[in-house]
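Take a look at the structure below.
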Amino acid sequence: MIALIDANSFYVSCERVFAPRLEGRPVGVLSNNDGCIVARSEELKALGVAMGAPRHLLPPAIRRQAVLLSSNYALYGDMSRRVNAILAEFSPDVEVYSIDESFVGFGGFDPAAVEGHCHRLRETVRRDTGIPVGVGVAPTRVLAKVANRAAKRMPAYEGVCRLDAEAPATRALLERLPATAVWGVARRTGERLALMGIHTAWQLREADPERIRRAFSVVLERIVWELRGHPAIALEDLGEARQRLMVSRSFSRLTGERDELAAALRQHGAQAAEKLRRQGSLARAVLVFVRTNPFLRDEPQYANRRVVPLARPSDDSREILAAAQRGLAAIHREGYRYQKCGVMLLDLVDRERRQLSLLEATQGEAARQCSDRLMAVVDRLNREMGRDTVRFGLPRDNSAWRLRCERLTSRYTTRWDELMRVRIG
């Protein structure tokens with residue numbers, strides 16, 4: 001059996017741990033630069049606020065009721081680490097799927113005792129971290145996702161739902177579940193399935209696997225088998241390495257200074273390179289873009305982009321940043337106030353399977369090993385000591401590209417100067 005542990009409104013729950021006054025109130029967490037809502041409490045959902053809703057378009061009546069907070073990623077990341085540390089106490093087999101979701105394997109456990117074990121797991125996470133979680137238990141990951149959905153939406157399960165492949169309760173759930181609500185089935189895939197007469201998860205389960213494979217892909221065929229209770233999917237099957245990586249962000253204010261654009265591109269390029277190394281890829285080219293704000297009609301408008309090829313496929317931040325700065329030099333124009341810039345890594349190849357080309361610049365083995373060791377140290381320090389512990393260039397405190405975080409709460413668990421203070425008397 002395998003369980004999916006998913007935190008309830010994770011960002012909001014993290015905020016409520018340290019601010020109990022937020023319990024029962026409509027709370028939303030905002031995206032970078034406090035632009036859109038990226039996490040909602042159940043109370044905010046009940047007011048009809050959609051995921052991704054722009055803050056400035058919220059009706060005044062909702063703004064008066066809601067508490068809107070800036071994203072506190074340092075806090076959320078550390079709370080996620082603490083939750084997963086507790087999961088590891090209940091099973092040695094923990095697979096982190098996202099910041100708020102993990103799969104926990106219970107191979108070798110007494111099947112009859114797994115459900116009770118999961119109830120204790122859920123209670124321990126809530127007691128030791130304050131984070132409420134839902135637990136879905138099933139023979140496969142896809143069914144565990146379905147079970148988790150039921151655990152969080154149906155109070156009768158008390159936060160833990162177990163689904164056995166052939167149980168009547170499983171069939172009842174799958175018959176009510178739209179095919180597009182199944183993990184790994186995208187909207188366009190659902191539209192094509194509908195043309196084949198497949199509208200529900202149960203109909204997908206009962207479909208001919210070979211027909212599904214011919215019409216779609218081997219991954220969707222594996223989903224059919226998973227719905228039938230046969231393990232067929234690993235996490236990497238539904239999280240394939242991306243073919244391009246982009247990091248971009250709107251500025252907190254318009255800027256015409258090239259130095260600020262350069263600083264922003266250093267930050268974006270370093271983050272993109274870190275993601276590149278994390279997924280085990282190399283990039284062959286770097287795209288850089290800049291643009292003004294197209295909605296300010298009284299401002300002169302300009303937008304441009306430039307692709308800069310790398311001498312060889314690389315994941316070295318220094319080479320990627322150097323290419324990004326060359327791209328900026330080619331497209332930057334004076335006399336404009338810029339609103340956004342970004343870096344996209346293109347033509348990605350698998351680090352372990354790339355083929356050498358006679359047209360690429362060669363790199364000596366000693367230089368390659370030195371680059372690998374340096375980037376590994378940088379990533380480890382930033383992972384263990386906090387983002388930007390090691391960075392490429394020092395930004396000014398008032399840089400335009402710095403995030404607007406006017407509603408940021410304290411980073412209670414990772415900063416000594418932001419520890420919670422208790423007053424007596």
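Each chain of the structure tokens is named A, B, ... in the order shown, its residues numbered from 1; ligands are numbered from 1 in display order.
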
Next item on the list: Would you mind writing down, as number ranges by chain, each residue of segment 11-91 of chain A that DSSP on the backbone assigns to strand (DSSP E)?
Entry: A: 27-30, 37-40, 67-70

Item checked: Spatial neighbours of Cys341 of chain A, max dist 8 Å, only C-alpha atoms, sep filter under 5 positions, as a list in words ->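 Selected residues are Ser248, Arg249, Ser250, Leu261, Ala264, Leu265, Val288, Phe289, Val290 and Arg291 of chain A.
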
Output C-alpha atoms for every residue in that selection, as an mmCIF file, in the first residue's frame.
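Just written: out_35.cif:
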data_model
loop_
_atom_site.group_PDB
_atom_site.id
_atom_site.type_symbol
_atom_site.label_atom_id
_atom_site.label_comp_id
_atom_site.auth_asym_id
_atom_site.auth_seq_id
_atom_site.Cartn_x
_atom_site.Cartn_y
_atom_site.Cartn_z
ATOM 1 C CA SER A 248 11.043 35.952 -15.094
ATOM 2 C CA ARG A 249 9.340 38.480 -12.894
ATOM 3 C CA SER A 250 7.723 41.880 -13.111
ATOM 4 C CA LEU A 261 18.211 44.961 -15.416
ATOM 5 C CA ALA A 264 17.681 41.043 -12.191
ATOM 6 C CA LEU A 265 19.010 38.845 -14.999
ATOM 7 C CA VAL A 288 16.962 36.951 -22.702
ATOM 8 C CA PHE A 289 13.979 39.289 -22.973
ATOM 9 C CA VAL A 290 13.021 42.753 -21.716
ATOM 10 C CA ARG A 291 9.808 44.717 -22.046
#

Note to self: List as a PyMOL selection string the protein and nucleic acid residues near Leu328 of chain A, meaning an atom at most 12 Å away when only C-alpha atoms are counted, but skip any in the same chain fewer than 5 places from it.
What the structure shows: chain A and resi 258-266+286-291+303-308+321-323+333+341-343

Find the residues near segment 56-72 of chain A: any atom within 6 Å, counting only C-alpha atoms, skip ones fewer than 5 places away on the same chain, and give them as a JSON list (two decimals) with C-alpha atoms, in the first residue's frame.
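This is the output file out-v4.json:
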[["chain", "number", "residue", "atom", "x", "y", "z"],
["A", 26, "PRO", "CA", -10.86, 34.11, 4.83],
["A", 27, "VAL", "CA", -7.11, 34.11, 4.16],
["A", 28, "GLY", "CA", -5.24, 34.31, 0.87],
["A", 29, "VAL", "CA", -1.55, 34.14, 0.02],
["A", 30, "LEU", "CA", -0.33, 36.29, -2.85],
["A", 34, "ASP", "CA", 1.69, 40.59, -4.30],
["A", 405, "CYS", "CA", 6.30, 41.92, -0.24],
["A", 407, "ARG", "CA", 2.33, 41.89, 3.55],
["A", 408, "LEU", "CA", 5.18, 39.51, 4.47]]

Check: What separation in Å, quoted to one decimal, exists between atom CA of Ala53 of chain A and atom CA of Val38 of chain A?
Finding: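 For atom CA of Ala53 of chain A relative to atom CA of Val38 of chain A, the distance reads 8.1 Å.
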
Next item on the list: Enumerate as a PyMOL selection string all residues of segment 18-244 of chain A assigned to helix (DSSP H, G or I) by DSSP on the backbone, naming them with the chain letters and numbers the document uses.
Entry: chain A and resi 18+20-22+32-34+42-46+55-57+60-65+73-90+111-129+141-153+155-157+168-176+179-181+187-195+201-206+209-215+218-227+235-237

Would you write out, as a tab-separated table, a table of all residues in segment 62-116 of chain A that have an atom no more than 8 Å from an atom of segment 1-12 of chain A, listing for each the closest atom pair and the distance in Å to one decimal, considering only C-alpha atoms and ordering rows by chain and rising residue number?
residue	atom	partner	partner_atom	distance
A:Ser71	CA	A:Tyr11	CA	7.9
A:Tyr76	CA	A:Tyr11	CA	6.4
A:Asp100	CA	A:Ala7	CA	5.4
A:Glu101	CA	A:Asp6	CA	4.5
A:Ser102	CA	A:Ile5	CA	5.4
A:Phe103	CA	A:Leu4	CA	4.5
A:Val104	CA	A:Ala3	CA	5.1
A:Gly105	CA	A:Ile2	CA	4.5
A:Phe106	CA	A:Met1	CA	5.3
A:Gly107	CA	A:Met1	CA	6.1
A:Pro111	CA	A:Met1	CA	7.4
